[in-house]
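Participant: What follows is the file protein_29.pdb, containing PDB, C-alpha atoms and all ligand atoms:
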ATOM      1  CA  MET A 103      -7.515  14.590  14.647  1.00  0.00           C
ATOM      2  CA  THR A 104      -4.083  13.192  15.368  1.00  0.00           C
ATOM      3  CA  PRO A 105      -2.392  12.833  11.965  1.00  0.00           C
ATOM      4  CA  ILE A 106      -2.426   9.204  10.788  1.00  0.00           C
ATOM      5  CA  PRO A 107       0.564   7.852   8.836  1.00  0.00           C
ATOM      6  CA  ILE A 108      -0.133   5.241   6.151  1.00  0.00           C
ATOM      7  CA  LEU A 109       3.099   3.403   5.420  1.00  0.00           C
ATOM      8  CA  MET A 110       3.915   2.471   1.829  1.00  0.00           C
ATOM      9  CA  TYR A 111       6.099  -0.587   1.334  1.00  0.00           C
ATOM     10  CA  HIS A 112       6.833  -2.520  -1.855  1.00  0.00           C
ATOM     11  CA  GLN A 113       9.027  -5.614  -1.416  1.00  0.00           C
ATOM     12  CA  ILE A 114      10.201  -7.213   1.821  1.00  0.00           C
ATOM     13  CA  ASP A 115      13.222  -9.287   0.839  1.00  0.00           C
ATOM     14  CA  VAL A 116      16.997  -9.576   0.898  1.00  0.00           C
ATOM     15  CA  ALA A 117      18.697  -6.863  -1.146  1.00  0.00           C
ATOM     16  CA  PRO A 118      19.263  -7.352  -4.869  1.00  0.00           C
ATOM     17  CA  ILE A 119      22.876  -6.777  -5.951  1.00  0.00           C
ATOM     18  CA  LYS A 120      24.216  -3.224  -5.700  1.00  0.00           C
ATOM     19  CA  GLY A 121      23.414  -1.049  -8.683  1.00  0.00           C
ATOM     20  CA  THR A 122      20.100  -2.826  -9.375  1.00  0.00           C
ATOM     21  CA  PRO A 123      17.477  -0.172 -10.290  1.00  0.00           C
ATOM     22  CA  MET A 124      14.860   0.483  -7.579  1.00  0.00           C
ATOM     23  CA  ARG A 125      16.874  -1.529  -5.041  1.00  0.00           C
ATOM     24  CA  GLY A 126      15.788   1.060  -2.472  1.00  0.00           C
ATOM     25  CA  LEU A 127      12.230  -0.251  -2.557  1.00  0.00           C
ATOM     26  CA  VAL A 128      13.306  -3.679  -1.244  1.00  0.00           C
ATOM     27  CA  VAL A 129      13.188  -3.505   2.554  1.00  0.00           C
ATOM     28  CA  SER A 130      14.982  -6.323   4.378  1.00  0.00           C
ATOM     29  CA  PRO A 131      12.893  -8.660   6.587  1.00  0.00           C
ATOM     30  CA  GLY A 132      14.980  -7.643   9.619  1.00  0.00           C
ATOM     31  CA  SER A 133      14.418  -3.966   8.954  1.00  0.00           C
ATOM     32  CA  PHE A 134      10.683  -4.515   8.487  1.00  0.00           C
ATOM     33  CA  TRP A 135      10.589  -6.325  11.848  1.00  0.00           C
ATOM     34  CA  ARG A 136      12.399  -3.401  13.509  1.00  0.00           C
ATOM     35  CA  HIS A 137       9.943  -0.887  11.976  1.00  0.00           C
ATOM     36  CA  MET A 138       6.942  -2.816  13.247  1.00  0.00           C
ATOM     37  CA  ALA A 139       8.492  -3.555  16.653  1.00  0.00           C
ATOM     38  CA  ALA A 140       9.376   0.127  17.182  1.00  0.00           C
ATOM     39  CA  MET A 141       5.816   1.246  16.451  1.00  0.00           C
ATOM     40  CA  LYS A 142       4.389  -1.508  18.662  1.00  0.00           C
ATOM     41  CA  ALA A 143       6.747  -0.592  21.510  1.00  0.00           C
ATOM     42  CA  LEU A 144       5.302   2.939  21.430  1.00  0.00           C
ATOM     43  CA  GLY A 145       1.788   1.525  21.666  1.00  0.00           C
ATOM     44  CA  TYR A 146       0.772   1.957  18.020  1.00  0.00           C
ATOM     45  CA  LEU A 147      -1.503  -0.490  16.244  1.00  0.00           C
ATOM     46  CA  GLY A 148      -0.780  -1.211  12.568  1.00  0.00           C
ATOM     47  CA  LEU A 149      -3.941  -1.552  10.483  1.00  0.00           C
ATOM     48  CA  SER A 150      -5.156  -2.460   7.011  1.00  0.00           C
ATOM     49  CA  MET A 151      -7.090   0.212   5.100  1.00  0.00           C
ATOM     50  CA  SER A 152     -10.432  -1.397   6.071  1.00  0.00           C
ATOM     51  CA  ASP A 153      -9.435  -1.539   9.734  1.00  0.00           C
ATOM     52  CA  LEU A 154      -8.192   2.048   9.484  1.00  0.00           C
ATOM     53  CA  GLU A 155     -11.442   3.384   7.975  1.00  0.00           C
ATOM     54  CA  PRO A 156     -13.201   4.234  11.285  1.00  0.00           C
ATOM     55  CA  TYR A 157     -10.109   6.187  12.372  1.00  0.00           C
ATOM     56  CA  LEU A 158      -9.909   8.022   9.054  1.00  0.00           C
ATOM     57  CA  SER A 159     -13.583   8.955   9.318  1.00  0.00           C
ATOM     58  CA  GLY A 160     -13.199  10.116  12.917  1.00  0.00           C
ATOM     59  CA  GLU A 161     -15.579   7.482  14.283  1.00  0.00           C
ATOM     60  CA  LYS A 162     -12.733   6.060  16.382  1.00  0.00           C
ATOM     61  CA  THR A 163      -9.590   7.609  17.821  1.00  0.00           C
ATOM     62  CA  GLY A 164      -6.397   5.946  18.962  1.00  0.00           C
ATOM     63  CA  LYS A 165      -2.715   5.365  18.287  1.00  0.00           C
ATOM     64  CA  VAL A 166      -2.930   3.758  14.870  1.00  0.00           C
ATOM     65  CA  PHE A 167      -1.108   3.713  11.537  1.00  0.00           C
ATOM     66  CA  GLY A 168      -1.851   2.153   8.169  1.00  0.00           C
ATOM     67  CA  ILE A 169       0.321  -0.511   6.544  1.00  0.00           C
ATOM     68  CA  THR A 170       0.201  -0.918   2.751  1.00  0.00           C
ATOM     69  CA  PHE A 171       2.226  -2.923   0.239  1.00  0.00           C
ATOM     70  CA  ASP A 172       2.178  -2.001  -3.448  1.00  0.00           C
ATOM     71  CA  ASP A 173       2.202  -4.451  -6.384  1.00  0.00           C
ATOM     72  CA  GLY A 174       1.475  -7.785  -4.614  1.00  0.00           C
ATOM     73  CA  TYR A 175       4.897  -9.424  -4.321  1.00  0.00           C
ATOM     74  CA  GLU A 176       5.099 -13.009  -3.097  1.00  0.00           C
ATOM     75  CA  ASN A 177       7.826 -11.885  -0.684  1.00  0.00           C
ATOM     76  CA  ASN A 178       5.173  -9.923   1.265  1.00  0.00           C
ATOM     77  CA  LEU A 179       3.608 -13.267   2.125  1.00  0.00           C
ATOM     78  CA  MET A 180       6.970 -14.922   2.890  1.00  0.00           C
ATOM     79  CA  HIS A 181       8.618 -12.151   4.907  1.00  0.00           C
ATOM     80  CA  ALA A 182       6.062  -9.557   6.009  1.00  0.00           C
ATOM     81  CA  LEU A 183       3.198 -11.852   7.027  1.00  0.00           C
ATOM     82  CA  PRO A 184       5.056 -13.631   9.889  1.00  0.00           C
ATOM     83  CA  VAL A 185       6.007 -10.229  11.360  1.00  0.00           C
ATOM     84  CA  LEU A 186       2.477  -8.851  10.993  1.00  0.00           C
ATOM     85  CA  ARG A 187       1.119 -11.972  12.698  1.00  0.00           C
ATOM     86  CA  GLN A 188       3.646 -11.677  15.523  1.00  0.00           C
ATOM     87  CA  MET A 189       2.704  -8.029  16.123  1.00  0.00           C
ATOM     88  CA  ARG A 190      -1.035  -8.689  15.606  1.00  0.00           C
ATOM     89  CA  PHE A 191      -1.102  -6.022  12.896  1.00  0.00           C
ATOM     90  CA  THR A 192      -3.190  -6.049   9.728  1.00  0.00           C
ATOM     91  CA  SER A 193      -2.248  -4.587   6.345  1.00  0.00           C
ATOM     92  CA  THR A 194      -3.451  -4.043   2.792  1.00  0.00           C
ATOM     93  CA  CYS A 195      -1.614  -5.380  -0.237  1.00  0.00           C
ATOM     94  CA  TYR A 196      -2.562  -3.698  -3.538  1.00  0.00           C
ATOM     95  CA  VAL A 197      -2.319  -6.226  -6.368  1.00  0.00           C
ATOM     96  CA  VAL A 198      -2.325  -5.911 -10.164  1.00  0.00           C
ATOM     97  CA  GLY A 199      -5.363  -7.844 -11.449  1.00  0.00           C
ATOM     98  CA  LYS A 200      -4.049  -9.229 -14.729  1.00  0.00           C
ATOM     99  CA  LEU A 201      -0.598 -10.068 -13.356  1.00  0.00           C
ATOM    100  CA  ILE A 202      -1.641 -12.392 -10.547  1.00  0.00           C
ATOM    101  CA  GLY A 203       0.928 -15.210 -10.318  1.00  0.00           C
ATOM    102  CA  ARG A 204       3.210 -13.483 -12.823  1.00  0.00           C
ATOM    103  CA  THR A 205       5.993 -10.908 -12.351  1.00  0.00           C
ATOM    104  CA  ASN A 206       6.370  -7.094 -12.305  1.00  0.00           C
ATOM    105  CA  VAL A 207       6.484  -6.955 -16.118  1.00  0.00           C
ATOM    106  CA  TRP A 208       5.699  -3.201 -16.117  1.00  0.00           C
ATOM    107  CA  ASP A 209       9.211  -2.655 -14.715  1.00  0.00           C
ATOM    108  CA  GLN A 210      10.984  -4.860 -17.268  1.00  0.00           C
ATOM    109  CA  ALA A 211      11.919  -2.155 -19.766  1.00  0.00           C
ATOM    110  CA  LYS A 212      13.609  -0.168 -16.997  1.00  0.00           C
ATOM    111  CA  GLY A 213      15.882  -3.078 -16.154  1.00  0.00           C
ATOM    112  CA  ILE A 214      14.239  -3.645 -12.783  1.00  0.00           C
ATOM    113  CA  GLU A 215      14.606  -7.172 -11.423  1.00  0.00           C
ATOM    114  CA  GLN A 216      11.613  -9.431 -12.110  1.00  0.00           C
ATOM    115  CA  LYS A 217      10.065 -10.819  -8.942  1.00  0.00           C
ATOM    116  CA  GLN A 218       7.212 -13.242  -8.390  1.00  0.00           C
ATOM    117  CA  LEU A 219       3.771 -11.761  -7.663  1.00  0.00           C
ATOM    118  CA  MET A 220       1.248 -13.603  -5.478  1.00  0.00           C
ATOM    119  CA  THR A 221      -0.986 -16.261  -7.001  1.00  0.00           C
ATOM    120  CA  VAL A 222      -4.724 -16.465  -6.258  1.00  0.00           C
ATOM    121  CA  ALA A 223      -4.050 -19.156  -3.620  1.00  0.00           C
ATOM    122  CA  GLN A 224      -1.388 -16.978  -1.992  1.00  0.00           C
ATOM    123  CA  MET A 225      -3.677 -13.941  -1.935  1.00  0.00           C
ATOM    124  CA  GLN A 226      -6.345 -16.077  -0.270  1.00  0.00           C
ATOM    125  CA  GLU A 227      -3.776 -17.247   2.274  1.00  0.00           C
ATOM    126  CA  TRP A 228      -2.857 -13.591   2.917  1.00  0.00           C
ATOM    127  CA  VAL A 229      -6.546 -12.803   3.570  1.00  0.00           C
ATOM    128  CA  ASN A 230      -7.118 -15.949   5.669  1.00  0.00           C
ATOM    129  CA  GLN A 231      -4.236 -14.827   7.875  1.00  0.00           C
ATOM    130  CA  GLY A 232      -6.054 -11.565   8.626  1.00  0.00           C
ATOM    131  CA  GLN A 233      -4.627  -9.322   5.895  1.00  0.00           C
ATOM    132  CA  GLU A 234      -6.397  -7.496   3.069  1.00  0.00           C
ATOM    133  CA  ILE A 235      -6.169  -7.318  -0.729  1.00  0.00           C
ATOM    134  CA  GLY A 236      -6.765  -4.020  -2.542  1.00  0.00           C
ATOM    135  CA  SER A 237      -6.634  -3.116  -6.239  1.00  0.00           C
ATOM    136  CA  HIS A 238      -3.663  -1.589  -8.040  1.00  0.00           C
ATOM    137  CA  THR A 239      -5.398  -1.646 -11.478  1.00  0.00           C
ATOM    138  CA  LEU A 240      -5.367  -4.448 -14.072  1.00  0.00           C
ATOM    139  CA  THR A 241      -2.002  -3.767 -15.730  1.00  0.00           C
ATOM    140  CA  HIS A 242      -0.091  -1.244 -13.566  1.00  0.00           C
ATOM    141  CA  CYS A 243      -0.532   1.478 -16.182  1.00  0.00           C
ATOM    142  CA  ASN A 244      -0.262   5.224 -15.664  1.00  0.00           C
ATOM    143  CA  LEU A 245      -3.941   6.141 -15.307  1.00  0.00           C
ATOM    144  CA  THR A 246      -3.386   9.730 -16.421  1.00  0.00           C
ATOM    145  CA  GLU A 247      -2.117   8.511 -19.813  1.00  0.00           C
ATOM    146  CA  VAL A 248      -4.894   6.109 -20.853  1.00  0.00           C
ATOM    147  CA  ASP A 249      -8.181   6.871 -22.657  1.00  0.00           C
ATOM    148  CA  ALA A 250     -11.505   7.121 -20.818  1.00  0.00           C
ATOM    149  CA  GLN A 251     -12.613   3.564 -21.632  1.00  0.00           C
ATOM    150  CA  ARG A 252      -9.339   2.017 -20.509  1.00  0.00           C
ATOM    151  CA  LEU A 253      -9.410   4.117 -17.333  1.00  0.00           C
ATOM    152  CA  VAL A 254     -12.781   2.622 -16.383  1.00  0.00           C
ATOM    153  CA  CYS A 255     -11.559  -0.924 -17.201  1.00  0.00           C
ATOM    154  CA  GLU A 256      -8.431  -0.561 -15.089  1.00  0.00           C
ATOM    155  CA  ILE A 257     -10.336   0.701 -12.053  1.00  0.00           C
ATOM    156  CA  VAL A 258     -13.727  -1.036 -12.298  1.00  0.00           C
ATOM    157  CA  ASP A 259     -12.740  -4.378 -13.850  1.00  0.00           C
ATOM    158  CA  SER A 260      -9.837  -4.891 -11.443  1.00  0.00           C
ATOM    159  CA  LYS A 261     -12.321  -4.624  -8.573  1.00  0.00           C
ATOM    160  CA  ARG A 262     -14.656  -7.145 -10.221  1.00  0.00           C
ATOM    161  CA  LEU A 263     -11.798  -9.505 -10.967  1.00  0.00           C
ATOM    162  CA  LEU A 264     -10.450  -9.381  -7.404  1.00  0.00           C
ATOM    163  CA  ASP A 265     -13.937  -9.629  -5.873  1.00  0.00           C
ATOM    164  CA  ALA A 266     -14.358 -12.875  -7.813  1.00  0.00           C
ATOM    165  CA  ALA A 267     -10.844 -14.251  -7.208  1.00  0.00           C
ATOM    166  CA  VAL A 268     -10.436 -13.602  -3.472  1.00  0.00           C
ATOM    167  CA  ARG A 269     -12.946 -14.221  -0.714  1.00  0.00           C
ATOM    168  CA  GLN A 270     -12.761 -11.349   1.774  1.00  0.00           C
ATOM    169  CA  ALA A 271     -15.482 -10.072   4.082  1.00  0.00           C
ATOM    170  CA  HIS A 272     -16.343  -6.829   2.311  1.00  0.00           C
ATOM    171  CA  GLY A 273     -14.909  -7.378  -1.158  1.00  0.00           C
ATOM    172  CA  THR A 274     -12.204  -5.180  -2.670  1.00  0.00           C
ATOM    173  CA  ARG A 275     -12.693  -1.855  -0.885  1.00  0.00           C
ATOM    174  CA  HIS A 276      -9.418  -0.044  -1.456  1.00  0.00           C
ATOM    175  CA  PHE A 277      -7.526   1.231  -4.473  1.00  0.00           C
ATOM    176  CA  CYS A 278      -4.020   2.538  -5.142  1.00  0.00           C
ATOM    177  CA  TYR A 279      -2.919   4.584  -8.208  1.00  0.00           C
ATOM    178  CA  PRO A 280       0.164   3.108  -9.932  1.00  0.00           C
ATOM    179  CA  TYR A 281       3.135   5.536  -9.880  1.00  0.00           C
ATOM    180  CA  GLY A 282       0.907   7.816  -7.789  1.00  0.00           C
ATOM    181  CA  ALA A 283      -0.337   9.194 -11.112  1.00  0.00           C
ATOM    182  CA  VAL A 284      -3.814  10.612 -10.602  1.00  0.00           C
ATOM    183  CA  ASN A 285      -6.118  13.371 -11.859  1.00  0.00           C
ATOM    184  CA  GLY A 286      -9.701  14.439 -11.179  1.00  0.00           C
ATOM    185  CA  GLU A 287     -11.125  11.896 -13.622  1.00  0.00           C
ATOM    186  CA  CYS A 288      -9.261   9.000 -11.930  1.00  0.00           C
ATOM    187  CA  VAL A 289     -10.713  10.097  -8.579  1.00  0.00           C
ATOM    188  CA  ARG A 290     -14.231  10.300  -9.992  1.00  0.00           C
ATOM    189  CA  VAL A 291     -14.038   6.811 -11.540  1.00  0.00           C
ATOM    190  CA  ALA A 292     -12.527   5.274  -8.392  1.00  0.00           C
ATOM    191  CA  GLU A 293     -15.267   6.810  -6.243  1.00  0.00           C
ATOM    192  CA  SER A 294     -18.075   5.589  -8.497  1.00  0.00           C
ATOM    193  CA  ALA A 295     -16.523   2.099  -8.768  1.00  0.00           C
ATOM    194  CA  GLY A 296     -17.456   1.433  -5.153  1.00  0.00           C
ATOM    195  CA  TYR A 297     -14.100   1.705  -3.428  1.00  0.00           C
ATOM    196  CA  ALA A 298     -13.966   3.358  -0.006  1.00  0.00           C
ATOM    197  CA  THR A 299     -10.489   4.903  -0.301  1.00  0.00           C
ATOM    198  CA  ALA A 300      -7.617   5.380  -2.721  1.00  0.00           C
ATOM    199  CA  THR A 301      -3.990   6.040  -1.833  1.00  0.00           C
ATOM    200  CA  THR A 302      -1.368   8.070  -3.676  1.00  0.00           C
ATOM    201  CA  THR A 303       2.406   8.509  -3.413  1.00  0.00           C
ATOM    202  CA  GLN A 304       1.905  12.042  -2.082  1.00  0.00           C
ATOM    203  CA  ARG A 305       4.041  12.438   1.041  1.00  0.00           C
ATOM    204  CA  GLY A 306       2.529  13.249   4.395  1.00  0.00           C
ATOM    205  CA  ARG A 307       0.303  11.879   7.120  1.00  0.00           C
ATOM    206  CA  VAL A 308      -3.495  11.907   6.825  1.00  0.00           C
ATOM    207  CA  GLN A 309      -4.779  15.182   8.300  1.00  0.00           C
ATOM    208  CA  ASP A 310      -8.248  16.561   9.047  1.00  0.00           C
ATOM    209  CA  ALA A 311      -8.496  18.129   5.578  1.00  0.00           C
ATOM    210  CA  ASP A 312      -7.865  14.731   3.947  1.00  0.00           C
ATOM    211  CA  ARG A 313     -11.128  13.408   5.335  1.00  0.00           C
ATOM    212  CA  ARG A 314     -12.880  15.243   2.519  1.00  0.00           C
ATOM    213  CA  GLN A 315     -10.573  13.584   0.018  1.00  0.00           C
ATOM    214  CA  MET A 316     -10.528   9.881   0.862  1.00  0.00           C
ATOM    215  CA  PHE A 317      -9.492   9.166  -2.747  1.00  0.00           C
ATOM    216  CA  LEU A 318      -6.295  11.211  -2.517  1.00  0.00           C
ATOM    217  CA  LEU A 319      -4.798   9.858   0.681  1.00  0.00           C
ATOM    218  CA  PRO A 320      -1.116  10.671   1.222  1.00  0.00           C
ATOM    219  CA  ARG A 321       1.352   8.014   2.413  1.00  0.00           C
ATOM    220  CA  VAL A 322       4.746   7.678   4.041  1.00  0.00           C
ATOM    221  CA  LEU A 323       7.294   5.955   1.779  1.00  0.00           C
ATOM    222  CA  VAL A 324       9.481   3.446   3.573  1.00  0.00           C
ATOM    223  CA  SER A 325      12.657   2.441   1.765  1.00  0.00           C
ATOM    224  CA  ARG A 326      15.594   0.108   2.272  1.00  0.00           C
ATOM    225  CA  SER A 327      17.583   2.838   4.013  1.00  0.00           C
ATOM    226  CA  THR A 328      14.819   3.841   6.467  1.00  0.00           C
ATOM    227  CA  SER A 329      15.996   2.944   9.965  1.00  0.00           C
ATOM    228  CA  TRP A 330      13.485   2.224  12.723  1.00  0.00           C
ATOM    229  CA  MET A 331      14.348   5.570  14.266  1.00  0.00           C
ATOM    230  CA  GLN A 332      13.744   7.410  10.981  1.00  0.00           C
ATOM    231  CA  LEU A 333      10.458   5.560  10.663  1.00  0.00           C
ATOM    232  CA  LEU A 334       9.377   6.886  14.056  1.00  0.00           C
ATOM    233  CA  VAL A 335      10.336  10.421  12.991  1.00  0.00           C
ATOM    234  CA  LYS A 336       8.273  10.031   9.793  1.00  0.00           C
ATOM    235  CA  CYS A 337       5.257   8.679  11.719  1.00  0.00           C
ATOM    236  CA  ILE A 338       5.248  10.725  14.890  1.00  0.00           C
ATOM    237  CA  THR A 339       6.581  14.142  13.860  1.00  0.00           C
ATOM    238  CA  ALA A 340       5.573  16.589  11.089  1.00  0.00           C
ATOM    239  CA  TYR A 341       8.672  15.590   9.039  1.00  0.00           C
ATOM    240  CA  GLU A 342       6.635  14.055   6.180  1.00  0.00           C
ATOM    241  CA  ASP A 343       3.858  16.673   6.355  1.00  0.00           C
ATOM    242  CA  ARG A 344       6.395  19.389   5.626  1.00  0.00           C
ATOM    243  CA  ARG A 345       7.410  17.548   2.444  1.00  0.00           C
ATOM    244  CA  ARG A 346       3.915  17.469   1.066  1.00  0.00           C
ATOM    245  CA  THR A 347       3.225  19.149  -2.293  1.00  0.00           C
ATOM    246  CA  ALA A 348      -0.041  20.057  -4.042  1.00  0.00           C
ATOM    247  CA  MET A 349      -1.797  17.376  -6.129  1.00  0.00           C
ATOM    248  CA  VAL A 350      -4.481  17.202  -8.801  1.00  0.00           C
TER     249      VAL A 350
HETATM  250 ZN    ZN B   1       2.943  -0.108  -8.057  1.00  0.00          ZN
END
Go ahead and render the structure in this file as structure tokens.

Facilitator:
Amino acid sequence: MTPIPILMYHQIDVAPIKGTPMRGLVVSPGSFWRHMAAMKALGYLGLSMSDLEPYLSGEKTGKVFGITFDDGYENNLMHALPVLRQMRFTSTCYVVGKLIGRTNVWDQAKGIEQKQLMTVAQMQEWVNQGQEIGSHTLTHCNLTEVDAQRLVCEIVDSKRLLDAAVRQAHGTRHFCYPYGAVNGECVRVAESAGYATATTTQRGRVQDADRRQMFLLPRVLVSRSTSWMQLLVKCITAYEDRRRTAMV
């Protein structure tokens, strides 16, 4: 198979003031437009995890890439959605079940700026406009540090909660491990919960070997400093694949 990059974004917004922790994860709307336009100009189609599934399984082939957003920020709806619509791309936004309509409270202790997360109505709007909602647990905890019962709650109950809150064609089919923290038990629970895939923060593009591990999919981190040209290098060359390290 041709390696498939799955892009990992967080916020799409104007930059917080210099020195703000994690400022690098806030990509400007203009930069996001340039990333998407560059891929489109080369004939690539940007897809949500559900739309990407037949390509990941090998059922379909083509010039495609995945687009994912972690955490469920309202600014994805404000700034990314118009660009995605313009390009006719789809994407998956992984939201935190118990923090719908609230802020990224898990970041608070680290001094990271608090930003609004999508409400139920906004998530439905996101879906109605052709995008997808996935699960990013209930509380954005580190799944490798919780007990067995909590692990099941975070993975299974977040799916139930989102299935009930958001109307989408096939329910909540995709999962993302907070902080990329994952072990064999997390994979087993995610698989049995009824998800179709799970993404990590492991660097690299999806390769043939990853087809046997749809619950450990690598992604390509896109940050504030990633230019459109660097994005093309990350997506089209083996640059990211060479930076891959062993997991689980
Ligand atoms: Zn996250």

Participant: Could you tell me how far atom CA of Trp228 of chain A sits from atom CA of His181 of chain A, in Å to one decimal place?

Facilitator: 11.7 Å

Participant: Which residues, written as a list in words, have at least one atom at most 6 Å from Val308 of chain A, with all atoms listed in the file counted and residues fewer than 2 positions away on the same chain left out?

Facilitator: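 Those residues are Pro105, Ile106 and Asp312 of chain A.
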
Participant: Work out how far apart atom CA of Leu201 of chain A and atom CA of Lys120 of chain A are and give it in Å to one decimal.

Facilitator: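 Rounded to one decimal, the two atoms are 26.9 Å apart.
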
Participant: When you count all atoms listed in the file, which of these residues is closest to Gln231 of chain A: A:Met138, A:Ala300, A:Leu263, A:Ala182?

Facilitator: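 Of A:Met138, A:Ala300, A:Leu263, A:Ala182, the one nearest Gln231 of chain A is A:Ala182, counting all atoms listed in the file.
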
Participant: Please, which residues have at least one atom within 7 Å of an atom of ligand ZN 1 (chain B), using all atoms listed in the file, listed as JSON, numbers by chain?

Facilitator: {"A": [172, 173, 238, 242, 280, 281]}

Participant: What do you get, as a PDB file with C-alpha atoms, in the coordinates of the input, if you spell out every residue that the PyMOL selection byres (((chain A and resi 187) around 12) and not hetatm) selects here?

Facilitator:
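Everything below was put into out-v6.pdb:
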ATOM      1  CA  TRP A 135      10.589  -6.325  11.848  1.00  0.00           C
ATOM      2  CA  MET A 138       6.942  -2.816  13.247  1.00  0.00           C
ATOM      3  CA  ALA A 139       8.492  -3.555  16.653  1.00  0.00           C
ATOM      4  CA  GLY A 148      -0.780  -1.211  12.568  1.00  0.00           C
ATOM      5  CA  LEU A 149      -3.941  -1.552  10.483  1.00  0.00           C
ATOM      6  CA  LEU A 179       3.608 -13.267   2.125  1.00  0.00           C
ATOM      7  CA  MET A 180       6.970 -14.922   2.890  1.00  0.00           C
ATOM      8  CA  HIS A 181       8.618 -12.151   4.907  1.00  0.00           C
ATOM      9  CA  ALA A 182       6.062  -9.557   6.009  1.00  0.00           C
ATOM     10  CA  LEU A 183       3.198 -11.852   7.027  1.00  0.00           C
ATOM     11  CA  PRO A 184       5.056 -13.631   9.889  1.00  0.00           C
ATOM     12  CA  VAL A 185       6.007 -10.229  11.360  1.00  0.00           C
ATOM     13  CA  LEU A 186       2.477  -8.851  10.993  1.00  0.00           C
ATOM     14  CA  GLN A 188       3.646 -11.677  15.523  1.00  0.00           C
ATOM     15  CA  MET A 189       2.704  -8.029  16.123  1.00  0.00           C
ATOM     16  CA  ARG A 190      -1.035  -8.689  15.606  1.00  0.00           C
ATOM     17  CA  PHE A 191      -1.102  -6.022  12.896  1.00  0.00           C
ATOM     18  CA  THR A 192      -3.190  -6.049   9.728  1.00  0.00           C
ATOM     19  CA  SER A 193      -2.248  -4.587   6.345  1.00  0.00           C
ATOM     20  CA  TRP A 228      -2.857 -13.591   2.917  1.00  0.00           C
ATOM     21  CA  VAL A 229      -6.546 -12.803   3.570  1.00  0.00           C
ATOM     22  CA  ASN A 230      -7.118 -15.949   5.669  1.00  0.00           C
ATOM     23  CA  GLN A 231      -4.236 -14.827   7.875  1.00  0.00           C
ATOM     24  CA  GLY A 232      -6.054 -11.565   8.626  1.00  0.00           C
ATOM     25  CA  GLN A 233      -4.627  -9.322   5.895  1.00  0.00           C
TER      26      GLN A 233
END

Participant: Report as a ChimeraX atom specification all protein, DNA and RNA residues lying within 9 Å of segment 249-262 of chain A, evaluated on only C-alpha atoms, omitting residues in the same chain fewer than 5 positions from it.

Facilitator: /A:198-200,236-243,267,273-277,287-288,291-292,294-297
